[in-house]
file query_10.csv (CSV, C-alpha atoms)
chain,number,residue,atom,x,y,z
A,1071,MET,CA,-1.3,37.3,0.4
A,1072,THR,CA,1.0,36.2,-2.5
A,1073,MET,CA,-0.1,33.1,-4.3
A,1074,MET,CA,2.3,30.2,-4.1
A,1075,GLN,CA,4.1,29.5,-7.3
A,1076,SER,CA,3.1,26.3,-9.1
A,1077,LEU,CA,5.7,23.5,-9.6
A,1078,ASP,CA,6.5,24.5,-13.2
A,1079,GLU,CA,6.8,28.2,-12.3
A,1080,LYS,CA,9.4,27.4,-9.6
A,1081,GLU,CA,13.1,27.3,-10.4
A,1082,TRP,CA,14.6,23.8,-9.9
A,1083,LYS,CA,18.2,22.6,-9.5
A,1084,ARG,CA,19.9,19.2,-9.5
A,1085,ILE,CA,21.5,18.8,-6.1
A,1086,PRO,CA,23.7,16.0,-4.6
A,1087,ILE,CA,21.6,14.1,-2.1
A,1088,ASN,CA,24.7,13.9,0.2
A,1089,SER,CA,24.8,17.7,0.4
A,1090,VAL,CA,21.2,17.8,1.7
A,1091,PHE,CA,21.1,14.7,3.9
A,1092,VAL,CA,23.3,12.8,6.3
A,1093,ILE,CA,23.0,9.3,4.8
A,1094,GLY,CA,23.0,6.7,7.4
A,1095,HIS,CA,23.3,2.9,7.3
A,1096,GLY,CA,20.5,0.6,8.4
A,1097,PHE,CA,21.3,-2.1,11.0
A,1098,TYR,CA,19.8,-5.5,11.0
A,1099,ASN,CA,20.5,-8.4,8.7
A,1100,LYS,CA,18.2,-10.6,10.7
A,1101,LYS,CA,15.0,-9.0,11.9
A,1102,PRO,CA,14.6,-9.1,15.8
A,1103,PRO,CA,11.5,-10.8,17.2
A,1104,MET,CA,8.3,-8.8,16.7
A,1105,SER,CA,5.8,-8.5,19.5
A,1106,SER,CA,2.2,-7.3,20.0
A,1107,GLU,CA,3.5,-5.3,22.9
A,1108,GLY,CA,6.3,-3.8,20.9
A,1109,GLU,CA,6.6,0.0,20.8
A,1110,VAL,CA,9.6,0.4,18.4
A,1111,PRO,CA,8.7,0.4,14.7
A,1112,PHE,CA,10.8,-1.9,12.5
A,1113,ILE,CA,11.3,-0.4,9.1
A,1114,GLY,CA,11.9,-3.0,6.4
A,1115,ALA,CA,12.4,-3.1,2.6
A,1116,SER,CA,8.6,-2.7,2.1
A,1117,GLY,CA,6.5,-0.8,-0.4
A,1118,ILE,CA,3.5,-0.4,2.0
A,1119,ASN,CA,2.6,0.7,5.5
A,1120,ASN,CA,5.1,3.5,5.7
A,1121,GLY,CA,7.8,0.8,5.5
A,1122,VAL,CA,6.7,-0.6,8.9
A,1123,THR,CA,6.8,-4.4,8.9
A,1124,GLY,CA,6.3,-4.9,12.6
A,1125,PHE,CA,7.0,-3.6,16.1
A,1126,CYS,CA,9.5,-4.9,18.6
A,1127,THR,CA,10.2,-4.1,22.3
A,1128,MET,CA,13.1,-2.0,23.4
A,1129,GLN,CA,14.4,-5.1,25.1
A,1130,ALA,CA,14.4,-7.1,21.9
A,1131,VAL,CA,16.3,-4.4,20.1
A,1132,GLU,CA,18.9,-4.4,22.9
A,1133,ASP,CA,19.3,-8.2,23.1
A,1134,ASN,CA,19.5,-9.0,19.4
A,1135,SER,CA,22.6,-8.6,17.4
A,1136,LYS,CA,22.9,-7.7,13.7
A,1137,VAL,CA,22.8,-11.2,12.4
A,1138,GLY,CA,20.9,-12.8,15.4
A,1139,TYR,CA,24.0,-14.4,17.0
A,1140,GLY,CA,27.5,-13.6,17.9
A,1141,PRO,CA,28.8,-10.2,19.2
A,1142,ASN,CA,26.2,-7.6,20.0
A,1143,GLU,CA,26.5,-3.9,19.6
A,1144,PRO,CA,25.3,-0.9,21.7
A,1145,ILE,CA,21.6,-0.1,21.4
A,1146,GLU,CA,22.5,3.4,20.2
A,1147,ARG,CA,23.8,1.8,17.0
A,1148,LYS,CA,20.4,0.1,16.4
A,1149,LEU,CA,18.0,3.0,17.1
A,1150,PHE,CA,17.4,6.0,14.7
A,1151,ASP,CA,16.0,9.4,15.5
A,1152,LYS,CA,12.4,10.4,14.7
A,1153,GLY,CA,12.2,13.0,11.9
A,1154,SER,CA,14.2,10.8,9.5
A,1155,ILE,CA,13.3,9.6,6.0
A,1156,CYS,CA,13.9,5.9,5.3
A,1157,VAL,CA,14.8,4.9,1.8
A,1158,VAL,CA,14.6,1.3,0.7
A,1159,ASN,CA,17.9,0.4,-1.0
A,1160,ASN,CA,17.1,-3.2,-2.1
A,1161,GLY,CA,14.4,-5.5,-3.4
A,1162,SER,CA,11.2,-4.8,-5.3
A,1163,ALA,CA,10.4,-1.6,-3.3
A,1164,ILE,CA,13.8,0.0,-4.0
A,1165,GLY,CA,13.5,3.8,-3.9
A,1166,TYR,CA,10.4,3.9,-1.7
A,1167,SER,CA,10.8,6.6,0.8
A,1168,TYR,CA,9.0,7.2,4.1
A,1169,TYR,CA,9.0,9.9,6.8
A,1170,GLN,CA,9.3,8.4,10.3
A,1171,PRO,CA,7.6,10.4,13.0
A,1172,LYS,CA,8.9,8.2,15.8
A,1173,GLN,CA,12.2,6.7,16.9
A,1174,PHE,CA,12.7,3.4,15.0
A,1175,THR,CA,15.0,0.5,14.2
A,1176,CYS,CA,15.5,-0.9,10.7
A,1177,THR,CA,17.0,-3.4,8.3
A,1178,HIS,CA,20.3,-2.8,6.5
A,1179,ASP,CA,18.1,-2.7,3.3
A,1180,VAL,CA,17.0,0.8,4.4
A,1181,ASN,CA,19.0,4.1,4.3
A,1182,PRO,CA,18.0,6.4,7.2
A,1183,LEU,CA,18.4,10.1,6.1
A,1184,THR,CA,18.4,13.2,8.3
A,1185,LEU,CA,18.7,16.8,7.1
A,1186,ARG,CA,22.2,18.4,7.6
A,1187,ASP,CA,21.2,21.9,8.5
A,1188,HIS,CA,17.9,21.6,10.5
A,1189,GLU,CA,15.4,19.1,12.0
A,1190,MET,CA,13.0,18.0,9.3
A,1191,ASN,CA,9.3,18.5,9.7
A,1192,GLU,CA,6.6,16.3,8.3
A,1193,ASP,CA,5.6,18.6,5.4
A,1194,GLU,CA,9.2,19.0,4.3
A,1195,ALA,CA,9.7,15.3,4.5
A,1196,LEU,CA,6.6,14.5,2.4
A,1197,PHE,CA,7.9,16.6,-0.4
A,1198,LEU,CA,11.5,15.4,-0.2
A,1199,SER,CA,10.5,11.8,0.0
A,1200,GLN,CA,8.7,12.1,-3.3
A,1201,MET,CA,11.7,13.7,-4.9
A,1202,ILE,CA,13.9,10.9,-3.6
A,1203,ARG,CA,11.5,8.2,-4.9
A,1204,LYS,CA,11.7,9.7,-8.4
A,1205,GLN,CA,15.4,9.2,-8.4
A,1206,GLY,CA,15.0,5.7,-7.1
A,1207,VAL,CA,13.7,4.4,-10.4
A,1208,CYS,CA,17.4,4.4,-11.6
A,1209,PHE,CA,18.1,1.4,-9.3
A,1210,ILE,CA,17.1,-2.2,-9.3
A,1211,TYR,CA,17.8,-5.4,-7.4
A,1212,ALA,CA,21.0,-6.0,-9.3
A,1213,ARG,CA,22.0,-2.3,-8.8
A,1214,LYS,CA,21.1,-1.6,-5.2
A,1215,TRP,CA,20.9,1.9,-3.8
A,1216,ARG,CA,23.2,1.3,-0.8
A,1217,PRO,CA,24.7,4.3,1.0
A,1218,SER,CA,27.9,4.0,-1.0
A,1219,ARG,CA,25.9,4.7,-4.2
A,1220,MET,CA,23.5,7.2,-2.7
A,1221,VAL,CA,26.3,9.6,-1.7
A,1222,ARG,CA,27.0,9.9,-5.4
A,1223,SER,CA,23.3,10.4,-6.4
A,1224,GLN,CA,21.6,13.7,-7.2
A,1225,PHE,CA,17.9,14.8,-7.2
A,1226,LEU,CA,15.9,17.8,-8.3
A,1227,LEU,CA,14.7,20.3,-5.8
A,1228,PRO,CA,13.0,23.7,-5.9
A,1229,VAL,CA,15.4,26.4,-4.9
A,1230,ASP,CA,15.3,29.9,-3.5
A,1231,ASP,CA,16.9,33.1,-4.9
A,1232,ASP,CA,20.3,32.0,-3.5
A,1233,GLY,CA,20.1,28.6,-5.3
A,1234,LYS,CA,19.6,26.7,-2.1
A,1235,PRO,CA,16.8,24.2,-1.4
A,1236,ASP,CA,13.6,26.1,-0.7
A,1237,TYR,CA,12.3,24.2,2.3
A,1238,GLY,CA,9.6,26.8,3.0
A,1239,TYR,CA,8.1,26.3,-0.4
A,1240,MET,CA,8.3,22.5,-0.1
A,1241,ALA,CA,6.5,22.5,3.3
A,1242,GLN,CA,3.8,24.9,2.1
A,1243,TYR,CA,3.2,22.9,-1.1
A,1244,ALA,CA,3.0,19.6,0.8
A,1245,SER,CA,0.7,21.2,3.4
A,1246,GLU,CA,-1.7,22.6,0.8
A,1247,MET,CA,-1.8,19.4,-1.2
A,1248,ARG,CA,-2.5,17.4,1.9
A,1249,GLY,CA,-5.2,19.8,3.0
A,1250,GLY,CA,-6.9,19.5,-0.3
A,1251,MET,CA,-6.8,15.8,-0.3
A,1252,LEU,CA,-8.1,15.6,3.2
A,1253,MET,CA,-11.0,17.8,2.3
A,1254,ARG,CA,-11.9,15.7,-0.7
A,1255,TYR,CA,-11.7,12.6,1.5
A,1256,ARG,CA,-13.9,14.0,4.2
A,1257,ASN,CA,-16.5,15.0,1.5
A,1258,TYR,CA,-16.3,11.5,0.0
A,1259,VAL,CA,-16.7,9.8,3.4
A,1260,ALA,CA,-19.6,12.0,4.3
A,1261,GLY,CA,-21.3,10.9,1.0
A,1262,GLN,CA,-20.7,7.3,1.8
A,1263,LEU,CA,-22.0,7.5,5.3
A,1264,SER,CA,-25.2,9.1,4.0
A,1265,GLN,CA,-25.8,6.0,1.8
A,1266,LEU,CA,-25.0,3.3,4.4
A,1267,GLU,CA,-27.3,2.1,7.2
A,1268,TYR,CA,-26.2,0.1,10.1
A,1269,LYS,CA,-28.3,-3.0,11.0
A,1270,ASP,CA,-27.9,-5.5,13.9
A,1271,ILE,CA,-27.0,-8.9,12.5
A,1272,PRO,CA,-25.6,-12.1,14.0
A,1273,ALA,CA,-21.9,-12.2,14.6
A,1274,LEU,CA,-19.8,-14.4,12.2
A,1275,ASP,CA,-19.5,-17.2,14.8
A,1276,GLU,CA,-23.2,-17.2,15.3
A,1277,LYS,CA,-24.0,-17.9,11.6
A,1278,GLU,CA,-24.1,-21.3,10.0
A,1279,TRP,CA,-21.4,-21.8,7.4
A,1280,LYS,CA,-21.0,-24.2,4.5
A,1281,GLU,CA,-18.4,-25.2,1.9
A,1282,PHE,CA,-19.1,-24.4,-1.8
A,1283,ARG,CA,-17.0,-25.1,-4.8
A,1284,ILE,CA,-16.0,-21.9,-6.6
A,1285,GLY,CA,-17.0,-23.4,-9.9
A,1286,GLU,CA,-20.6,-23.9,-8.5
A,1287,LEU,CA,-20.9,-20.2,-7.7
A,1288,PHE,CA,-18.9,-18.4,-10.4
A,1289,GLU,CA,-18.2,-18.4,-14.1
A,1290,VAL,CA,-14.4,-18.4,-14.3
A,1291,SER,CA,-12.5,-16.9,-17.2
A,1292,ARG,CA,-9.2,-15.2,-18.1
A,1293,PRO,CA,-8.7,-11.8,-19.9
A,1294,LYS,CA,-7.2,-11.7,-23.3
A,1295,ALA,CA,-3.4,-11.5,-23.7
A,1296,ARG,CA,-2.2,-8.0,-22.9
A,1297,ASN,CA,0.8,-6.3,-21.1
A,1298,LYS,CA,0.7,-3.1,-19.1
A,1299,ASP,CA,3.9,-1.8,-20.7
A,1300,ASP,CA,2.1,-1.6,-24.1
A,1301,TYR,CA,-0.2,1.1,-22.8
A,1302,ASP,CA,0.2,4.8,-22.2
A,1303,MET,CA,-1.0,6.3,-18.9
A,1304,GLY,CA,-4.8,7.0,-18.8
A,1305,ASP,CA,-7.8,6.5,-16.6
A,1306,ILE,CA,-8.6,2.7,-17.0
A,1307,PRO,CA,-7.3,0.4,-14.3
A,1308,PHE,CA,-4.9,-2.3,-15.4
A,1309,VAL,CA,-5.4,-5.3,-13.1
A,1310,ALA,CA,-2.7,-7.9,-12.7
A,1311,SER,CA,-1.5,-10.4,-10.2
A,1312,GLY,CA,-0.5,-7.9,-7.6
A,1313,ALA,CA,-1.2,-8.2,-3.9
A,1314,MET,CA,-1.8,-4.5,-3.3
A,1315,ASN,CA,-3.9,-1.6,-4.6
A,1316,ASN,CA,-6.8,-3.9,-5.6
A,1317,GLY,CA,-4.5,-5.5,-8.1
A,1318,VAL,CA,-4.2,-2.3,-10.1
A,1319,MET,CA,-0.7,-1.8,-11.5
A,1320,LYS,CA,-1.4,1.4,-13.4
A,1321,CYS,CA,-4.2,3.3,-15.1
A,1322,CYS,CA,-4.1,3.1,-18.9
A,1323,LYS,CA,-5.4,4.6,-22.1
A,1324,THR,CA,-7.1,1.9,-24.1
A,1325,CYS,CA,-6.3,1.1,-27.7
A,1326,GLU,CA,-8.8,2.2,-30.3
A,1327,GLY,CA,-11.8,-0.2,-30.4
A,1328,GLU,CA,-10.5,-2.3,-27.5
A,1329,GLN,CA,-13.1,-4.0,-25.4
A,1330,LEU,CA,-12.7,-3.7,-21.6
A,1331,ASP,CA,-13.2,-6.5,-19.1
A,1332,ALA,CA,-16.5,-5.9,-17.4
A,1333,GLY,CA,-16.5,-4.8,-13.7
A,1334,ASN,CA,-18.6,-6.3,-10.9
A,1335,CYS,CA,-16.4,-9.3,-10.7
A,1336,ILE,CA,-13.7,-10.8,-8.4
A,1337,THR,CA,-10.2,-11.1,-9.7
A,1338,VAL,CA,-7.9,-13.8,-8.3
A,1339,SER,CA,-4.1,-14.0,-8.7
A,1340,PRO,CA,-2.9,-17.5,-9.5
A,1341,VAL,CA,0.4,-16.6,-8.0
A,1342,ASP,CA,-0.6,-16.0,-4.4
A,1343,GLY,CA,-4.4,-16.1,-4.3
A,1344,SER,CA,-4.8,-12.3,-3.8
A,1345,SER,CA,-8.5,-11.6,-4.5
A,1346,PHE,CA,-10.2,-8.3,-5.1
A,1347,TYR,CA,-13.6,-7.1,-6.1
A,1348,GLN,CA,-13.5,-4.9,-9.2
A,1349,PRO,CA,-16.2,-2.3,-9.2
A,1350,MET,CA,-15.6,-0.8,-12.6
A,1351,ASP,CA,-14.6,-2.0,-16.1
A,1352,PHE,CA,-10.9,-2.6,-16.4
A,1353,LEU,CA,-8.0,-4.1,-18.5
A,1354,GLY,CA,-7.0,-7.4,-17.1
A,1355,ARG,CA,-3.6,-9.0,-17.6
A,1356,GLY,CA,-3.9,-12.2,-19.6
A,1357,GLY,CA,-1.8,-14.4,-21.8
A,1358,ALA,CA,0.5,-16.3,-19.4
A,1359,GLY,CA,0.3,-18.6,-16.5
A,1360,SER,CA,0.3,-15.8,-14.0
A,1361,SER,CA,-2.5,-13.9,-15.7
A,1362,ILE,CA,-5.5,-13.1,-13.5
A,1363,LEU,CA,-8.6,-15.2,-13.2
A,1364,MET,CA,-12.0,-13.4,-13.3
A,1365,LEU,CA,-15.0,-14.8,-11.2
A,1366,ARG,CA,-18.5,-13.7,-12.2
A,1367,ASN,CA,-21.8,-14.2,-10.4
A,1368,ASN,CA,-25.1,-12.5,-11.1
A,1369,ASP,CA,-25.7,-11.9,-7.4
A,1370,LEU,CA,-22.5,-9.8,-6.9
A,1371,ASN,CA,-22.5,-6.2,-5.9
A,1372,LEU,CA,-19.8,-4.1,-4.1
A,1373,PHE,CA,-20.6,-5.3,-0.6
A,1374,ARG,CA,-21.1,-9.0,-1.4
A,1375,GLY,CA,-18.0,-8.9,-3.6
A,1376,GLU,CA,-15.8,-7.5,-0.9
A,1377,PHE,CA,-17.0,-10.2,1.5
A,1378,MET,CA,-16.6,-13.1,-0.9
A,1379,ALA,CA,-13.2,-11.9,-2.2
A,1380,ARG,CA,-11.9,-12.2,1.4
A,1381,MET,CA,-13.2,-15.7,1.7
A,1382,ILE,CA,-11.8,-16.7,-1.6
A,1383,GLN,CA,-8.4,-15.3,-0.7
A,1384,GLN,CA,-8.3,-17.4,2.4
A,1385,THR,CA,-8.8,-20.5,0.3
A,1386,CYS,CA,-6.4,-19.6,-2.5
A,1387,SER,CA,-3.5,-18.1,-0.4
A,1388,LYS,CA,-1.7,-21.5,-0.7
A,1389,TYR,CA,-0.8,-20.7,-4.3
A,1390,ASN,CA,2.8,-19.6,-5.1
A,1391,TYR,CA,5.1,-19.5,-8.1
A,1392,GLY,CA,6.0,-23.1,-7.7
A,1393,HIS,CA,2.3,-24.1,-7.4
A,1394,MET,CA,0.2,-21.6,-9.3
A,1395,GLY,CA,-3.5,-21.9,-9.7
A,1396,ASN,CA,-5.3,-22.1,-13.0
A,1397,LYS,CA,-8.8,-22.0,-14.3
A,1398,ASP,CA,-9.6,-25.6,-13.6
A,1399,SER,CA,-8.0,-25.7,-10.1
A,1400,ILE,CA,-9.8,-22.5,-9.0
A,1401,LYS,CA,-13.1,-24.1,-10.0
A,1402,ARG,CA,-12.4,-27.0,-7.7
A,1403,GLU,CA,-11.4,-25.0,-4.7
A,1404,ARG,CA,-13.9,-24.9,-1.8
A,1405,VAL,CA,-14.8,-21.6,-0.1
A,1406,MET,CA,-16.6,-21.3,3.2
A,1407,LEU,CA,-19.6,-18.9,3.2
A,1408,PRO,CA,-22.5,-18.1,5.6
A,1409,ILE,CA,-25.7,-19.7,4.5
A,1410,ASP,CA,-29.4,-19.0,4.8
A,1411,GLU,CA,-32.2,-21.3,6.0
A,1412,ASP,CA,-32.2,-23.1,2.6
A,1413,GLY,CA,-28.5,-23.9,2.8
A,1414,LYS,CA,-27.6,-21.4,0.1
A,1415,PRO,CA,-25.1,-18.5,0.3
A,1416,ASP,CA,-26.6,-15.8,2.5
A,1417,TYR,CA,-25.9,-12.8,0.2
A,1418,ALA,CA,-28.1,-10.5,2.2
A,1419,TYR,CA,-26.1,-11.3,5.4
A,1420,MET,CA,-22.7,-10.8,3.5
A,1421,GLU,CA,-23.9,-7.5,2.1
A,1422,GLN,CA,-25.0,-6.1,5.5
A,1423,TYR,CA,-21.9,-7.4,7.2
A,1424,ALA,CA,-19.7,-5.5,4.7
A,1425,LYS,CA,-21.8,-2.4,5.1
A,1426,ASN,CA,-21.5,-2.5,8.9
A,1427,MET,CA,-17.7,-2.9,8.6
A,1428,MET,CA,-17.4,0.0,6.1
A,1429,LEU,CA,-19.4,2.3,8.4
A,1430,ARG,CA,-17.2,1.4,11.3
A,1431,LYS,CA,-14.0,2.0,9.3
A,1432,TYR,CA,-15.2,5.3,7.8
A,1433,ARG,CA,-16.0,6.6,11.3
A,1434,GLN,CA,-12.6,5.5,12.6
A,1435,TYR,CA,-10.9,7.3,9.7
A,1436,LEU,CA,-12.9,10.5,10.4
A,1437,THR,CA,-12.0,10.4,14.1
A,1438,PHE,CA,-8.3,9.8,13.2
A,1439,LEU,CA,-8.3,12.8,10.8
A,1440,GLN,CA,-9.9,15.0,13.4
A,1441,GLN,CA,-7.3,14.0,15.9
A,1442,ARG,CA,-4.5,14.7,13.4
A,1443,SER,CA,-6.0,18.1,12.6
A,1444,ASN,CA,-6.3,19.0,16.3
A,1445,ALA,CA,-2.7,18.0,16.9
A,1446,ARG,CA,-1.2,20.2,14.1
call {"tool": "encode", "arguments": {"input": "query_10.csv", "output": "structure tokens"}}
result
Amino acid sequence: MTMMQSLDEKEWKRIPINSVFVIGHGFYNKKPPMSSEGEVPFIGASGINNGVTGFCTMQAVEDNSKVGYGPNEPIERKLFDKGSICVVNNGSAIGYSYYQPKQFTCTHDVNPLTLRDHEMNEDEALFLSQMIRKQGVCFIYARKWRPSRMVRSQFLLPVDDDGKPDYGYMAQYASEMRGGMLMRYRNYVAGQLSQLEYKDIPALDEKEWKEFRIGELFEVSRPKARNKDDYDMGDIPFVASGAMNNGVMKCCKTCEGEQLDAGNCITVSPVDGSSFYQPMDFLGRGGAGSSILMLRNNDLNLFRGEFMARMIQQTCSKYNYGHMGNKDSIKRERVMLPIDEDGKPDYAYMEQYAKNMMLRKYRQYLTFLQQRSNAR
């Protein structure tokens, strides 16, 4: 068997996006009602969850017009075929691209793309969506990537001997990459499962709970002033006031002699209260009002930290740009925690609860991966 060429061995070519894809227009200006019984994914201008911001019923799609009132349009105008790539054309997630395996509806802040010459499969789409996303960095909120601009955009693709997009190579590369990642993940989960033990404990509503001031439980501090743009890419997490990815904005190379912020703490965003346990040393964003707050407690570990971070986020989620938290206000906040017989935080219970939840999720993930593997 001939070994597949690496990316840098392959010939690449700059190709107009419009020559590869039919570039569609999203539909809704106002999102139709979402429903727990919905079966139609609604794709929004989101940077997470494959762009899915909710599910709506087919009836809701049919009944709701583009702007929520006035003349309606045929349902065929609102639904888009499975096998499309959705590209966010507006907002903070501009350029994010997602393959959609099911029929969907979407906001006008999304461009649905379908291949011109054949029906796209998932492996082709995974490769192509990454190439699209790299081109998306050229656009910002003030320079949206609407269809009228996308038809003039180009992107780089690997090509065959005839200079045409090499879809076979793209699909094989994506398949091999995914297979390797899934194998590493299975090995990781197997290792985690071997270290965790399930134990029967009372349910959350069977435990006694009590309010504690955060300042009574934690030492609260801020990192020194630093900005992620001042660092080259490396392997040290840069933690800021983000609501995703554990607050990690990028991984950095530290400056010579720079001291890291110690891990085994909880970081809190004063902007929206997003709270995360940090298991390893990191670079924290400091220096301004939106710099993170670090909460330290000698009784913390991974499992206790995950539990308490969730409780702290529920308390601090009231913060926003117009009403940001600070070191003093965070200390005064009250957080609800389960308690032991002495009325103190029940760290042993929190730890075992988190372990039980992790065991459950790991097993769910393995079951999902097996089902996906059987379906392919």
call {"tool": "closest_residue", "arguments": {"input": "query_10.csv", "among": "A:Gln1200, A:Ser1264, A:Asn1134, A:Asn1142", "to": "A:Cys1156", "atoms": "all atoms listed in the file"}}
result
A:Gln1200
call {"tool": "closest_residue", "arguments": {"input": "query_10.csv", "among": "A:Ile1087, A:Val1309, A:Ala1195, A:Leu1274", "to": "A:Pro1408", "atoms": "all atoms listed in the file"}}
result
A:Leu1274
call {"tool": "closest_residue", "arguments": {"input": "query_10.csv", "among": "A:Ser1361, A:Ser1339, A:Asn1426, A:Asn1119", "to": "A:Gly1312", "atoms": "only C-alpha atoms"}}
result
A:Ser1339
call {"tool": "atom_distance", "arguments": {"input": "query_10.csv", "atom1": "atom CA of A:Lys1083", "atom2": "atom CA of A:Lys1204"}}
result
14.5 Å
call {"tool": "residues_around", "arguments": {"input": "query_10.csv", "residues": "stretch 1095-1101 of chain A", "least_positions_apart": "5", "cutoff": "10 Å", "atoms": "only C-alpha atoms", "output": "ChimeraX atom specification"}}
result
/A:1112-1114,1123-1124,1126,1131,1134-1139,1147-1150,1156-1159,1175-1183,1216-1218
call {"tool": "atom_distance", "arguments": {"input": "query_10.csv", "atom1": "atom CA of A:Phe1438", "atom2": "atom CA of A:Gln1422"}}
result
24.3 Å
call {"tool": "atom_distance", "arguments": {"input": "query_10.csv", "atom1": "atom CA of A:Pro1340", "atom2": "atom CA of A:Tyr1389"}}
result
6.5 Å
call {"tool": "residues_around", "arguments": {"input": "query_10.csv", "residues": "A:Phe1288", "least_positions_apart": "4", "cutoff": "8 Å", "atoms": "all atoms listed in the file", "output": "list of chain:residue names"}}
result
A:Ile1284, A:Leu1365, A:Arg1366, A:Asn1367
call {"tool": "closest_residue", "arguments": {"input": "query_10.csv", "among": "A:Ser1345, A:Met1394, A:Phe1282, A:Leu1287", "to": "A:Asn1315", "atoms": "only C-alpha atoms"}}
result
A:Ser1345
call {"tool": "closest_residue", "arguments": {"input": "query_10.csv", "among": "A:Glu1289, A:Asp1331, A:Asp1412, A:Asp1342", "to": "A:Tyr1391", "atoms": "only C-alpha atoms"}}
result
A:Asp1342
call {"tool": "closest_residue", "arguments": {"input": "query_10.csv", "among": "A:Gly1304, A:Arg1219, A:Met1190, A:Gly1392", "to": "A:Cys1321", "atoms": "only C-alpha atoms"}}
result
A:Gly1304
call {"tool": "residues_near_point", "arguments": {"input": "query_10.csv", "point": "(7.6, -8.6, 0.2)", "cutoff": "12 Å", "atoms": "only C-alpha atoms", "output": "JSON, numbers by chain"}}
result
{"A": [1114, 1115, 1116, 1117, 1118, 1119, 1121, 1122, 1123, 1160, 1161, 1162, 1163, 1164, 1312, 1313, 1314, 1342]}
call {"tool": "write_last_selection", "arguments": {"input": "query_10.csv", "atoms": "C-alpha atoms", "output": "PDB file, keeping the file's coordinate frame"}}
result
ATOM      1  CA  GLY A1114      11.900  -3.000   6.400  1.00  0.00           C
ATOM      2  CA  ALA A1115      12.400  -3.100   2.600  1.00  0.00           C
ATOM      3  CA  SER A1116       8.600  -2.700   2.100  1.00  0.00           C
ATOM      4  CA  GLY A1117       6.500  -0.800  -0.400  1.00  0.00           C
ATOM      5  CA  ILE A1118       3.500  -0.400   2.000  1.00  0.00           C
ATOM      6  CA  ASN A1119       2.600   0.700   5.500  1.00  0.00           C
ATOM      7  CA  GLY A1121       7.800   0.800   5.500  1.00  0.00           C
ATOM      8  CA  VAL A1122       6.700  -0.600   8.900  1.00  0.00           C
ATOM      9  CA  THR A1123       6.800  -4.400   8.900  1.00  0.00           C
ATOM     10  CA  ASN A1160      17.100  -3.200  -2.100  1.00  0.00           C
ATOM     11  CA  GLY A1161      14.400  -5.500  -3.400  1.00  0.00           C
ATOM     12  CA  SER A1162      11.200  -4.800  -5.300  1.00  0.00           C
ATOM     13  CA  ALA A1163      10.400  -1.600  -3.300  1.00  0.00           C
ATOM     14  CA  ILE A1164      13.800   0.000  -4.000  1.00  0.00           C
ATOM     15  CA  GLY A1312      -0.500  -7.900  -7.600  1.00  0.00           C
ATOM     16  CA  ALA A1313      -1.200  -8.200  -3.900  1.00  0.00           C
ATOM     17  CA  MET A1314      -1.800  -4.500  -3.300  1.00  0.00           C
ATOM     18  CA  ASP A1342      -0.600 -16.000  -4.400  1.00  0.00           C
TER      19      ASP A1342
END
call {"tool": "residues_around", "arguments": {"input": "query_10.csv", "residues": "A:Ile1336", "least_positions_apart": "6", "cutoff": "6 Å", "atoms": "all atoms listed in the file", "output": "PyMOL selection string"}}
result
chain A and resi 1346-1348+1364-1365
call {"tool": "residues_around", "arguments": {"input": "query_10.csv", "residues": "A:Asp1187", "least_positions_apart": "6", "cutoff": "10 Å", "atoms": "all atoms listed in the file", "output": "PyMOL selection string"}}
result
chain A and resi 1089-1092
call {"tool": "write_last_selection", "arguments": {"input": "query_10.csv", "atoms": "C-alpha atoms", "output": "PDB file, in the frame of the given file"}}
result
ATOM      1  CA  SER A1089      24.800  17.700   0.400  1.00  0.00           C
ATOM      2  CA  VAL A1090      21.200  17.800   1.700  1.00  0.00           C
ATOM      3  CA  PHE A1091      21.100  14.700   3.900  1.00  0.00           C
ATOM      4  CA  VAL A1092      23.300  12.800   6.300  1.00  0.00           C
TER       5      VAL A1092
END
call {"tool": "residues_near_point", "arguments": {"input": "query_10.csv", "point": "(-15.3, -25.7, -8.6)", "cutoff": "10 Å", "atoms": "only C-alpha atoms", "output": "ChimeraX atom specification"}}
result
/A:1282-1290,1397-1405
call {"tool": "residues_around", "arguments": {"input": "query_10.csv", "residues": "A:Ser1154", "least_positions_apart": "4", "cutoff": "6 Å", "atoms": "all atoms listed in the file", "output": "JSON, numbers by chain"}}
result
{"A": [1169, 1170, 1183, 1184]}
